[in-house]
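Novice: My file is start.tsv. It has TSV, C-alpha atoms and all ligand atoms:
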```
chain	number	residue	atom	x	y	z
U	215	MET	CA	2.86	-15.68	-8.96
U	216	SER	CA	2.73	-12.15	-7.56
U	217	GLU	CA	0.70	-11.39	-4.42
U	218	GLN	CA	-0.46	-8.02	-5.74
U	219	VAL	CA	-4.22	-7.46	-5.51
U	220	LEU	CA	-5.43	-6.87	-9.07
U	221	VAL	CA	-9.18	-6.92	-8.47
U	222	GLU	CA	-10.80	-5.54	-5.33
U	223	VAL	CA	-14.56	-5.44	-4.80
U	224	SER	CA	-16.27	-4.16	-1.63
U	225	ASP	CA	-19.93	-4.42	-0.75
U	226	LEU	CA	-20.96	-4.55	-4.39
U	227	ALA	CA	-24.65	-4.52	-5.25
U	228	VAL	CA	-26.17	-4.65	-8.73
U	229	VAL	CA	-29.91	-4.20	-9.17
U	230	LEU	CA	-31.30	-5.21	-12.55
U	231	GLY	CA	-34.74	-4.83	-14.12
U	232	ARG	CA	-37.59	-2.58	-13.15
U	233	GLY	CA	-40.76	-2.71	-11.08
U	234	LYS	CA	-41.87	-6.21	-10.15
U	235	LYS	CA	-39.09	-7.72	-12.27
U	236	GLN	CA	-36.38	-5.93	-10.33
U	237	ARG	CA	-33.70	-8.22	-8.87
U	238	ARG	CA	-30.57	-7.82	-6.79
U	239	ALA	CA	-28.37	-9.88	-9.08
U	240	VAL	CA	-25.33	-9.10	-6.89
U	241	ASP	CA	-25.97	-8.38	-3.24
U	242	GLY	CA	-23.20	-7.24	-0.88
U	243	LEU	CA	-20.27	-8.99	-2.56
U	244	ASP	CA	-16.64	-8.69	-1.41
U	245	LEU	CA	-13.73	-10.08	-3.41
U	246	ARG	CA	-9.96	-9.69	-3.67
U	247	LEU	CA	-8.11	-11.39	-6.48
U	248	GLY	CA	-4.43	-11.57	-7.32
U	249	ALA	CA	-2.74	-13.28	-10.24
U	250	GLY	CA	-4.10	-16.75	-10.96
U	251	VAL	CA	-6.99	-18.53	-12.60
U	252	HIS	CA	-10.07	-17.88	-10.49
U	253	GLY	CA	-12.95	-20.22	-11.20
U	254	LEU	CA	-16.28	-18.47	-10.63
U	255	LEU	CA	-18.78	-21.18	-9.73
U	256	GLY	CA	-22.41	-21.16	-8.73
U	257	PRO	CA	-25.87	-22.30	-9.75
U	258	ASN	CA	-27.87	-20.68	-12.54
U	259	GLY	CA	-28.84	-17.16	-11.53
U	260	ALA	CA	-26.16	-16.87	-8.80
U	261	GLY	CA	-24.91	-13.62	-10.35
U	262	LYS	CA	-21.71	-14.79	-12.08
U	263	THR	CA	-22.40	-13.13	-15.44
U	264	THR	CA	-23.53	-9.94	-13.72
U	265	LEU	CA	-20.32	-9.82	-11.66
U	266	VAL	CA	-18.18	-10.45	-14.74
U	267	ARG	CA	-20.00	-7.68	-16.67
U	268	VAL	CA	-19.44	-5.21	-13.85
U	269	LEU	CA	-15.74	-6.14	-13.67
U	270	ALA	CA	-15.52	-5.66	-17.44
U	271	THR	CA	-16.89	-2.11	-16.88
U	272	VAL	CA	-19.77	-2.71	-19.28
U	273	LEU	CA	-22.40	-2.64	-16.51
U	274	PRO	CA	-22.29	0.05	-13.80
U	275	PRO	CA	-22.71	-1.12	-10.21
U	276	SER	CA	-25.71	0.11	-8.21
U	277	SER	CA	-23.51	0.59	-5.13
U	278	GLY	CA	-20.19	-0.51	-3.68
U	279	ASP	CA	-16.56	-0.07	-4.68
U	280	ILE	CA	-14.54	-1.73	-7.43
U	281	SER	CA	-10.91	-1.18	-8.09
U	282	LEU	CA	-9.06	-2.88	-10.93
U	283	LEU	CA	-5.26	-2.65	-11.05
U	284	GLY	CA	-5.54	-0.07	-8.30
U	285	VAL	CA	-7.88	2.17	-10.34
U	286	ASP	CA	-11.39	2.99	-9.15
U	287	VAL	CA	-13.72	2.05	-12.04
U	288	ARG	CA	-15.75	5.21	-11.39
U	289	ASP	CA	-12.75	7.35	-12.29
U	290	VAL	CA	-13.83	8.33	-15.82
U	291	ARG	CA	-10.47	10.00	-16.56
U	292	ARG	CA	-8.67	6.67	-16.12
U	293	ARG	CA	-11.34	4.38	-17.55
U	294	ARG	CA	-9.85	4.35	-21.05
U	295	GLU	CA	-6.42	3.47	-19.68
U	296	LEU	CA	-8.05	0.76	-17.57
U	297	ARG	CA	-10.00	-0.76	-20.46
U	298	ARG	CA	-6.76	-1.14	-22.40
U	299	GLN	CA	-5.70	-3.63	-19.73
U	300	ILE	CA	-8.92	-5.63	-19.53
U	301	GLY	CA	-9.90	-8.56	-21.73
U	302	TYR	CA	-13.50	-9.74	-21.80
U	303	LEU	CA	-15.25	-12.65	-23.44
U	304	PRO	CA	-19.02	-12.26	-22.93
U	305	GLN	CA	-21.31	-15.29	-22.89
U	306	ALA	CA	-22.60	-14.21	-26.31
U	307	PHE	CA	-20.75	-11.78	-28.55
U	308	GLY	CA	-21.52	-10.11	-31.84
U	309	TYR	CA	-19.33	-9.95	-34.95
U	310	TYR	CA	-19.52	-8.95	-38.59
U	311	PRO	CA	-20.06	-12.27	-40.38
U	312	ARG	CA	-18.04	-11.18	-43.41
U	313	PHE	CA	-14.99	-10.22	-41.36
U	314	THR	CA	-12.17	-12.71	-41.55
U	315	VAL	CA	-10.98	-14.15	-38.24
U	316	ARG	CA	-7.91	-11.96	-38.50
U	317	GLU	CA	-10.00	-8.82	-39.15
U	318	PHE	CA	-12.21	-9.67	-36.18
U	319	VAL	CA	-9.23	-9.89	-33.80
U	320	GLU	CA	-7.53	-6.86	-35.44
U	321	TYR	CA	-10.67	-4.84	-34.82
U	322	PHE	CA	-10.44	-5.55	-31.07
U	323	ALA	CA	-6.72	-4.79	-31.07
U	324	TRP	CA	-7.65	-1.39	-32.49
U	325	LEU	CA	-10.48	-0.89	-29.92
U	326	LYS	CA	-8.04	-1.75	-27.15
U	327	GLU	CA	-5.55	0.75	-28.59
U	328	VAL	CA	-2.78	-1.79	-29.11
U	329	PRO	CA	-0.05	0.33	-30.77
U	330	ALA	CA	-0.08	-0.15	-34.56
U	331	ALA	CA	3.56	-1.28	-34.56
U	332	ARG	CA	2.68	-4.17	-32.22
U	333	ALA	CA	-0.82	-5.01	-33.46
U	334	GLY	CA	0.21	-7.44	-36.22
U	335	VAL	CA	2.29	-9.59	-33.87
U	336	ALA	CA	-0.35	-9.34	-31.12
U	337	VAL	CA	-3.05	-10.62	-33.50
U	338	ASP	CA	-0.84	-13.46	-34.78
U	339	THR	CA	0.06	-14.48	-31.21
U	340	ALA	CA	-3.57	-14.42	-30.06
U	341	LEU	CA	-4.66	-16.56	-33.02
U	342	GLU	CA	-1.84	-19.04	-32.43
U	343	ARG	CA	-2.67	-19.27	-28.75
U	344	VAL	CA	-6.25	-20.35	-29.47
U	345	GLY	CA	-5.24	-22.63	-32.36
U	346	LEU	CA	-6.85	-20.56	-35.11
U	347	ALA	CA	-3.74	-19.39	-37.01
U	348	ASP	CA	-4.62	-21.67	-39.93
U	349	ARG	CA	-8.14	-20.19	-40.13
U	350	ALA	CA	-7.04	-16.54	-39.99
U	351	GLY	CA	-8.20	-15.84	-43.56
U	352	ASP	CA	-11.59	-17.57	-43.18
U	353	ARG	CA	-14.76	-15.56	-42.70
U	354	MET	CA	-16.31	-15.50	-39.24
U	355	LYS	CA	-19.59	-16.87	-40.64
U	356	SER	CA	-17.79	-20.04	-41.77
U	357	LEU	CA	-16.54	-21.01	-38.29
U	358	SER	CA	-18.00	-23.79	-36.15
U	359	GLY	CA	-19.44	-22.94	-32.70
U	360	GLY	CA	-16.25	-24.03	-30.90
U	361	MET	CA	-14.05	-22.07	-33.34
U	362	LEU	CA	-16.19	-18.96	-32.82
U	363	ARG	CA	-15.67	-19.31	-29.09
U	364	ARG	CA	-11.91	-19.56	-29.68
U	365	ALA	CA	-12.02	-16.42	-31.86
U	366	GLY	CA	-13.82	-14.76	-28.95
U	367	VAL	CA	-11.04	-15.81	-26.59
U	368	ALA	CA	-8.44	-14.48	-29.08
U	369	GLN	CA	-10.02	-11.01	-29.07
U	370	ALA	CA	-10.11	-11.07	-25.26
U	371	LEU	CA	-6.38	-11.68	-24.92
U	372	VAL	CA	-5.04	-9.71	-27.92
U	373	ASN	CA	-4.10	-6.75	-25.69
U	374	ASP	CA	-2.23	-8.94	-23.16
U	375	PRO	CA	-4.67	-7.99	-20.38
U	376	ARG	CA	-3.81	-7.95	-16.67
U	377	VAL	CA	-7.47	-8.66	-15.90
U	378	LEU	CA	-8.98	-11.29	-18.17
U	379	LEU	CA	-12.69	-12.05	-17.78
U	380	LEU	CA	-14.05	-15.12	-19.52
U	381	ASP	CA	-17.73	-16.02	-19.27
U	382	GLU	CA	-18.08	-19.75	-20.01
U	383	PRO	CA	-15.11	-19.85	-22.37
U	384	THR	CA	-15.02	-23.63	-22.83
U	385	ALA	CA	-18.65	-23.97	-23.99
U	386	GLY	CA	-18.56	-25.83	-27.30
U	387	LEU	CA	-14.84	-26.66	-27.26
U	388	ASP	CA	-13.84	-30.23	-28.10
U	389	PRO	CA	-11.85	-32.19	-25.46
U	390	GLU	CA	-8.47	-31.61	-27.16
U	391	GLN	CA	-9.10	-27.87	-27.35
U	392	ARG	CA	-10.21	-27.80	-23.72
U	393	VAL	CA	-6.95	-29.33	-22.57
U	394	ALA	CA	-4.94	-26.84	-24.66
U	395	PHE	CA	-7.10	-23.99	-23.42
U	396	ARG	CA	-6.60	-24.87	-19.75
U	397	SER	CA	-2.83	-24.76	-20.12
U	398	LEU	CA	-3.17	-21.42	-21.95
U	399	LEU	CA	-5.16	-20.05	-19.01
U	400	ARG	CA	-2.47	-21.09	-16.53
U	401	GLU	CA	0.20	-19.45	-18.70
U	402	LEU	CA	-1.79	-16.19	-18.97
U	403	ALA	CA	-2.44	-16.15	-15.23
U	404	LEU	CA	1.23	-15.94	-14.25
U	405	ASP	CA	0.89	-12.17	-14.31
U	406	ALA	CA	-2.85	-11.58	-14.61
U	407	ALA	CA	-6.08	-12.16	-12.74
U	408	VAL	CA	-8.00	-14.54	-14.99
U	409	VAL	CA	-11.65	-14.92	-13.97
U	410	VAL	CA	-13.42	-17.87	-15.55
U	411	SER	CA	-17.12	-18.40	-15.07
U	412	THR	CA	-17.82	-22.07	-15.68
U	413	HIS	CA	-20.17	-24.93	-14.90
U	414	LEU	CA	-17.57	-27.53	-15.80
U	415	VAL	CA	-15.86	-29.29	-12.94
U	416	GLU	CA	-13.09	-30.41	-15.32
U	417	ASP	CA	-12.23	-26.75	-15.95
U	418	VAL	CA	-11.97	-26.19	-12.21
U	419	ALA	CA	-9.80	-29.25	-11.67
U	420	GLY	CA	-7.64	-28.69	-14.75
U	421	ALA	CA	-7.15	-24.95	-14.93
U	422	CYS	CA	-8.08	-23.06	-11.78
U	423	THR	CA	-5.66	-22.06	-9.05
U	424	HIS	CA	-8.52	-20.61	-6.97
U	425	VAL	CA	-12.28	-21.00	-6.68
U	426	VAL	CA	-14.95	-18.46	-5.79
U	427	LEU	CA	-18.39	-19.93	-5.09
U	428	MET	CA	-21.40	-17.68	-5.55
U	429	GLU	CA	-24.98	-18.11	-4.44
U	430	ALA	CA	-27.80	-15.55	-4.61
U	431	GLY	CA	-25.51	-12.68	-5.55
U	432	ARG	CA	-22.95	-13.27	-2.81
U	433	VAL	CA	-19.63	-15.04	-2.40
U	434	VAL	CA	-20.26	-18.02	-0.13
U	435	ALA	CA	-16.84	-19.69	-0.26
U	436	THR	CA	-13.31	-19.12	-1.51
U	437	GLY	CA	-10.30	-21.40	-1.65
U	438	THR	CA	-8.56	-23.74	-4.04
U	439	PRO	CA	-9.86	-26.64	-6.14
U	440	ALA	CA	-7.97	-28.96	-3.73
U	441	GLY	CA	-9.80	-27.38	-0.78
U	442	LEU	CA	-13.14	-27.84	-2.52
U	443	ALA	CA	-12.28	-31.48	-3.28
U	444	GLU	CA	-11.28	-32.02	0.35
U	445	ALA	CA	-14.64	-30.60	1.44
U	446	GLY	CA	-16.28	-33.08	-0.93
U	447	ARG	CA	-14.27	-36.07	0.32
U	448	ARG	CA	-14.64	-35.37	4.02
U	449	GLY	CA	-17.92	-33.50	4.28
U	450	LEU	CA	-18.57	-30.04	5.62
U	451	VAL	CA	-19.87	-29.20	9.04
U	452	HIS	CA	-21.41	-25.88	9.87
U	453	ASP	CA	-23.07	-24.07	12.71
U	454	GLY	CA	-25.65	-21.29	12.59
U	455	ASP	CA	-22.95	-18.63	12.08
U	456	GLY	CA	-21.76	-20.24	8.89
U	457	VAL	CA	-18.49	-21.40	10.43
U	458	CYS	CA	-17.41	-24.46	8.53
U	459	GLY	CA	-14.93	-27.23	9.03
U	460	LEU	CA	-14.48	-30.73	7.74
U	461	VAL	CA	-15.57	-33.98	9.30
U	462	GLY	CA	-14.75	-37.58	8.50
U	463	SER	CA	-11.69	-39.13	6.98
U	464	GLY	CA	-13.04	-39.26	3.41
U	465	SER	CA	-11.81	-41.51	0.70
U	466	ALA	CA	-8.43	-40.86	-0.86
U	467	ASP	CA	-9.36	-42.74	-4.02
U	468	ASP	CA	-12.36	-40.53	-4.72
U	469	GLY	CA	-11.68	-38.92	-8.12
U	470	LEU	CA	-10.80	-35.23	-8.14
U	471	ALA	CA	-13.69	-34.18	-10.37
U	472	SER	CA	-16.36	-36.01	-8.38
U	473	ALA	CA	-14.87	-34.80	-5.08
U	474	ILE	CA	-15.00	-31.21	-6.36
U	475	GLU	CA	-18.60	-31.75	-7.46
U	476	ARG	CA	-19.56	-33.02	-4.00
U	477	GLY	CA	-17.63	-30.22	-2.31
U	478	TYR	CA	-19.47	-27.69	-4.47
U	479	THR	CA	-22.86	-29.17	-3.55
U	480	GLY	CA	-21.95	-29.39	0.15
U	481	VAL	CA	-20.73	-25.79	0.32
U	482	LEU	CA	-23.89	-24.51	-1.37
U	483	ARG	CA	-26.09	-26.49	1.01
U	484	ALA	CA	-24.15	-25.18	4.00
U	485	ALA	CA	-24.48	-21.64	2.66
U	486	ARG	CA	-28.25	-22.02	2.26
U	487	VAL	CA	-28.58	-23.30	5.83
U	488	SER	CA	-26.39	-20.47	7.16
U	489	GLY	CA	-28.41	-17.84	5.30
U	490	PRO	CA	-27.46	-14.55	3.64
U	491	GLY	CA	-25.93	-12.96	6.77
U	492	ALA	CA	-23.15	-15.55	7.11
U	493	ALA	CA	-19.54	-14.75	6.26
U	494	PRO	CA	-18.02	-16.62	3.32
U	495	VAL	CA	-16.33	-19.93	4.10
U	496	VAL	CA	-12.60	-20.13	3.52
U	497	LEU	CA	-12.08	-23.67	2.27
U	498	PRO	CA	-9.45	-25.47	4.33
U	499	GLU	CA	-6.41	-26.71	2.47
U	500	PRO	CA	-6.04	-30.51	2.60
U	501	ALA	CA	-2.70	-30.46	4.46
U	502	ALA	CA	-4.00	-28.09	7.13
U	503	SER	CA	-7.29	-29.89	7.57
U	504	THR	CA	-6.05	-33.22	8.97
U	505	SER	CA	-6.93	-32.20	12.54
U	506	GLY	CA	-10.56	-31.83	11.50
U	507	ALA	CA	-10.67	-28.56	13.43
U	508	PRO	CA	-13.24	-26.08	12.19
U	509	THR	CA	-11.83	-23.28	10.11
U	510	SER	CA	-13.27	-19.88	10.78
U	511	ALA	CA	-14.92	-18.13	7.95
U	512	ALA	CA	-13.45	-14.87	6.77
U	513	GLY	CA	-13.57	-12.49	3.84
U	514	ALA	CA	-12.32	-13.57	0.44
C	1	LIG	N1	-31.81	-7.67	-17.28
C	1	LIG	C1	-32.22	-8.28	-16.17
C	1	LIG	N2	-33.35	-7.87	-15.53
C	1	LIG	C2	-33.75	-8.46	-14.38
C	1	LIG	N3	-33.10	-9.48	-13.80
C	1	LIG	C3	-31.99	-9.94	-14.41
C	1	LIG	C4	-31.49	-9.37	-15.62
C	1	LIG	N4	-30.37	-10.05	-15.98
C	1	LIG	C5	-30.16	-10.99	-15.03
C	1	LIG	N5	-31.14	-10.94	-14.10
C	1	LIG	C6	-31.28	-11.76	-12.89
C	1	LIG	O1	-30.09	-11.59	-12.11
C	1	LIG	C7	-29.75	-12.82	-11.48
C	1	LIG	C8	-28.30	-13.16	-11.80
C	1	LIG	O2	-28.19	-13.46	-13.19
C	1	LIG	P1	-26.79	-13.87	-13.86
C	1	LIG	O3	-27.03	-13.99	-15.33
C	1	LIG	O4	-25.76	-12.93	-13.39
C	1	LIG	O5	-26.55	-15.31	-13.20
C	1	LIG	P2	-25.48	-16.44	-13.56
C	1	LIG	O6	-24.89	-16.89	-12.29
C	1	LIG	O7	-24.53	-15.93	-14.60
C	1	LIG	O8	-26.40	-17.57	-14.17
C	1	LIG	P3	-26.05	-18.72	-15.29
C	1	LIG	O9	-25.21	-19.75	-14.61
C	1	LIG	O10	-27.42	-19.24	-15.62
C	1	LIG	O11	-25.39	-18.06	-16.47
C	1	LIG	C9	-30.75	-13.86	-11.96
C	1	LIG	O12	-31.76	-13.99	-11.00
C	1	LIG	C10	-31.31	-13.25	-13.23
C	1	LIG	O13	-32.64	-13.68	-13.45
```
Please rewrite the model in this file as structure tokens.
Specialist:
Amino acid sequence: MSEQVLVEVSDLAVVLGRGKKQRRAVDGLDLRLGAGVHGLLGPNGAGKTTLVRVLATVLPPSSGDISLLGVDVRDVRRRRELRRQIGYLPQAFGYYPRFTVREFVEYFAWLKEVPAARAGVAVDTALERVGLADRAGDRMKSLSGGMLRRAGVAQALVNDPRVLLLDEPTAGLDPEQRVAFRSLLRELALDAAVVVSTHLVEDVAGACTHVVLMEAGRVVATGTPAGLAEAGRRGLVHDGDGVCGLVGSGSADDGLASAIERGYTGVLRAARVSGPGAAPVVLPEPAASTSGAPTSAAGA
């Protein structure tokens, strides 16, 4: 996995709505992502979808800096080139119901300017990767909810993106498809920053190499699924500055998914106690945390 920074966000703010309904959906967010599967976690309304939309360049930021693949997203001359290298699955997406699955994915290959000579193979590969090759000739309106989601994933990866943004991609997938999908994500992430917004702990445990926890429009913790599980097993300790460490010896036989769930809850509670001014927590890795020494918080 390369160490190159593919996504860099500094002091991002996104204000949505007007008048009394105005909200700071993202509020002073910093983030640096390299190749890997980055699980974007957080409660409802934390700002995950808003962040993903801004990274997909479909929603302009109110302030702050974003660079994708080293390109400033405000650089209109390079935006087209940049969009060719981004894949995006929105939470809800539109389609022509009479399009076949193949036509749907072909259409996105064309939008993403995949060269005509490569488009046929790219579409076939994308459909195979999501397990829809045998439904390529079926109309979109005939697909089940889970199959539609998989068609959505196929369009997102048809251009072989270096930044792949997936907003709740596993919603509606059956367990077998979820397992296949998680290994697909890991394969895609060898050379790409894959950002997956999810509420499913199994996705985090099974697919993610990194986690980014959001709360109230900010990043409150970064680390790995193992670090989050360790926080769940041993318990977090924090002081007023938001500096966190782990206490207790925990239970080694605590299942990974439930440990991650408890780590998630503990980190969010700690973040709420620390307040909006606190620096994000860097989750301690299990091997490095045996001393129980507090780990200082730092940027993502
Ligand atoms: N168009 C809008 N106008 C005003 N506020 C909005 C708008 N869209 C989103 N918001 C607010 O922005 C905040 C962040 O919303 P967002 O959808 O990004 O959260 P989320 O973390 O993706 O939530 P969920 O887990 O429920 O999908 C929420 O408080 C939401 O109510």
Novice: Do you know which residues are within 7 Å of ligand LIG 1 (chain C) using only C-alpha atoms and all ligand atoms? Can you write them as a ChimeraX atom specification?
Specialist: /U:230-231,235-239,256-265,431
Novice: In Å to one decimal, how far is atom CA of U:Gln391 from atom CA of U:Val425?
Specialist: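 For atom CA of U:Val425 relative to atom CA of U:Gln391, the distance reads 22.0 Å.
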Novice: Can you work out the spacing between atom CA of U:Val228 and atom CA of U:Gly489 in Å, to one decimal?
Specialist: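 Between atom CA of U:Val228 and atom CA of U:Gly489 the gap works out to 19.4 Å.
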Novice: Give me, please, the distance in Å between atom CA of U:Ser356 and atom CA of U:Val344, quoted to one decimal.
Specialist: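 Atom CA of U:Val344 lies at a distance of 16.9 Å from atom CA of U:Ser356.
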Novice: U:Val415, U:Ala306, U:Val434, U:Ala340: which is nearest U:Asn373, counting all atoms listed in the file?
Specialist: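 Between U:Val415, U:Ala306, U:Val434, U:Ala340, the residue approaching U:Asn373 most closely is U:Ala340.
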Novice: Put the listed atoms of stretch 420-430 of chain U in a box along x, y and z with 5 Å added on every side and give me the centre and edge lengths in Å to one decimal, as AutoDock Vina command-line options.
Specialist:
```
--center_x -16.7 --center_y -22.1 --center_z -9.7 --size_x 32.1 --size_y 23.1 --size_z 20.5
```
Novice: Between U:Asp417, U:Asp405, U:Asp352, U:Glu295, single out the one closest to U:Leu247, counting all atoms listed in the file.
Specialist: U:Asp405
Novice: With distances taken over all atoms listed in the file, which residue among U:Pro274, U:Gly253, U:Gly284, U:Gly242 lies nearest U:Glu222?
Specialist: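 The closest residue to U:Glu222 is U:Gly284.
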Novice: Would you list the residues near (-13.9, -10.1, 0.7), meaning any protein, DNA or RNA residue with an atom at most 10 Å from that point in file coordinates, counting all atoms listed in the file, as an NGL selection string?
Specialist: :U and (222-225 or 242-247 or 433 or 436 or 493-494 or 512-514)
Novice: Residues of the last selection are to be written out with C-alpha atoms, as a PDB file, in the frame of the given file.
Specialist:
```
ATOM      1  CA  GLU U 222     -10.800  -5.540  -5.330  1.00  0.00           C
ATOM      2  CA  VAL U 223     -14.560  -5.440  -4.800  1.00  0.00           C
ATOM      3  CA  SER U 224     -16.270  -4.160  -1.630  1.00  0.00           C
ATOM      4  CA  ASP U 225     -19.930  -4.420  -0.750  1.00  0.00           C
ATOM      5  CA  GLY U 242     -23.200  -7.240  -0.880  1.00  0.00           C
ATOM      6  CA  LEU U 243     -20.270  -8.990  -2.560  1.00  0.00           C
ATOM      7  CA  ASP U 244     -16.640  -8.690  -1.410  1.00  0.00           C
ATOM      8  CA  LEU U 245     -13.730 -10.080  -3.410  1.00  0.00           C
ATOM      9  CA  ARG U 246      -9.960  -9.690  -3.670  1.00  0.00           C
ATOM     10  CA  LEU U 247      -8.110 -11.390  -6.480  1.00  0.00           C
ATOM     11  CA  VAL U 433     -19.630 -15.040  -2.400  1.00  0.00           C
ATOM     12  CA  THR U 436     -13.310 -19.120  -1.510  1.00  0.00           C
ATOM     13  CA  ALA U 493     -19.540 -14.750   6.260  1.00  0.00           C
ATOM     14  CA  PRO U 494     -18.020 -16.620   3.320  1.00  0.00           C
ATOM     15  CA  ALA U 512     -13.450 -14.870   6.770  1.00  0.00           C
ATOM     16  CA  GLY U 513     -13.570 -12.490   3.840  1.00  0.00           C
ATOM     17  CA  ALA U 514     -12.320 -13.570   0.440  1.00  0.00           C
TER      18      ALA U 514
END
```
Novice: Residues within 10 Å of stretch 271-273 of chain U, please, as a list in words. Count only C-alpha atoms; anything in the same chain fewer than 5 positions from it doesn't count.
Specialist: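 The filter keeps Val228, Thr264, Leu265, Val266, Ile280, Leu282, Val287, Arg288, Arg293, Leu296, Arg297, Ile300 and Tyr302 of chain U.
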Novice: Rank U:His413, U:Arg343, U:Arg298, U:Arg476 by their smallest atom-to-atom distance to U:Leu283, using only C-alpha atoms, and report the top residue only.
Specialist: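 The answer is U:Arg298, which sits nearest to U:Leu283.
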Novice: Select, from U:Arg353, U:Arg448, U:Arg294, U:Arg486, the residue with the minimum atom-to-atom distance to U:Pro311, counting all atoms listed in the file.
Specialist: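 Distance minimum relative to U:Pro311 lands on U:Arg353.
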Novice: Find, counting all atoms listed in the file, the residue in U:Gly248, U:Gly301, U:Gly334, U:Gly477 that gets nearest to U:Pro375.
Specialist: U:Gly301
Novice: Step by step: start from the point (-0.7, -13.2, -29.1) in the file's coordinates, keep every protein, DNA or RNA residue that has an atom no farther than 12 Å from it, count all atoms listed in the file, and write the set as a PyMOL selection string.
Specialist: chain U and resi 316+319-320+323+328+332-347+367-375+398+402
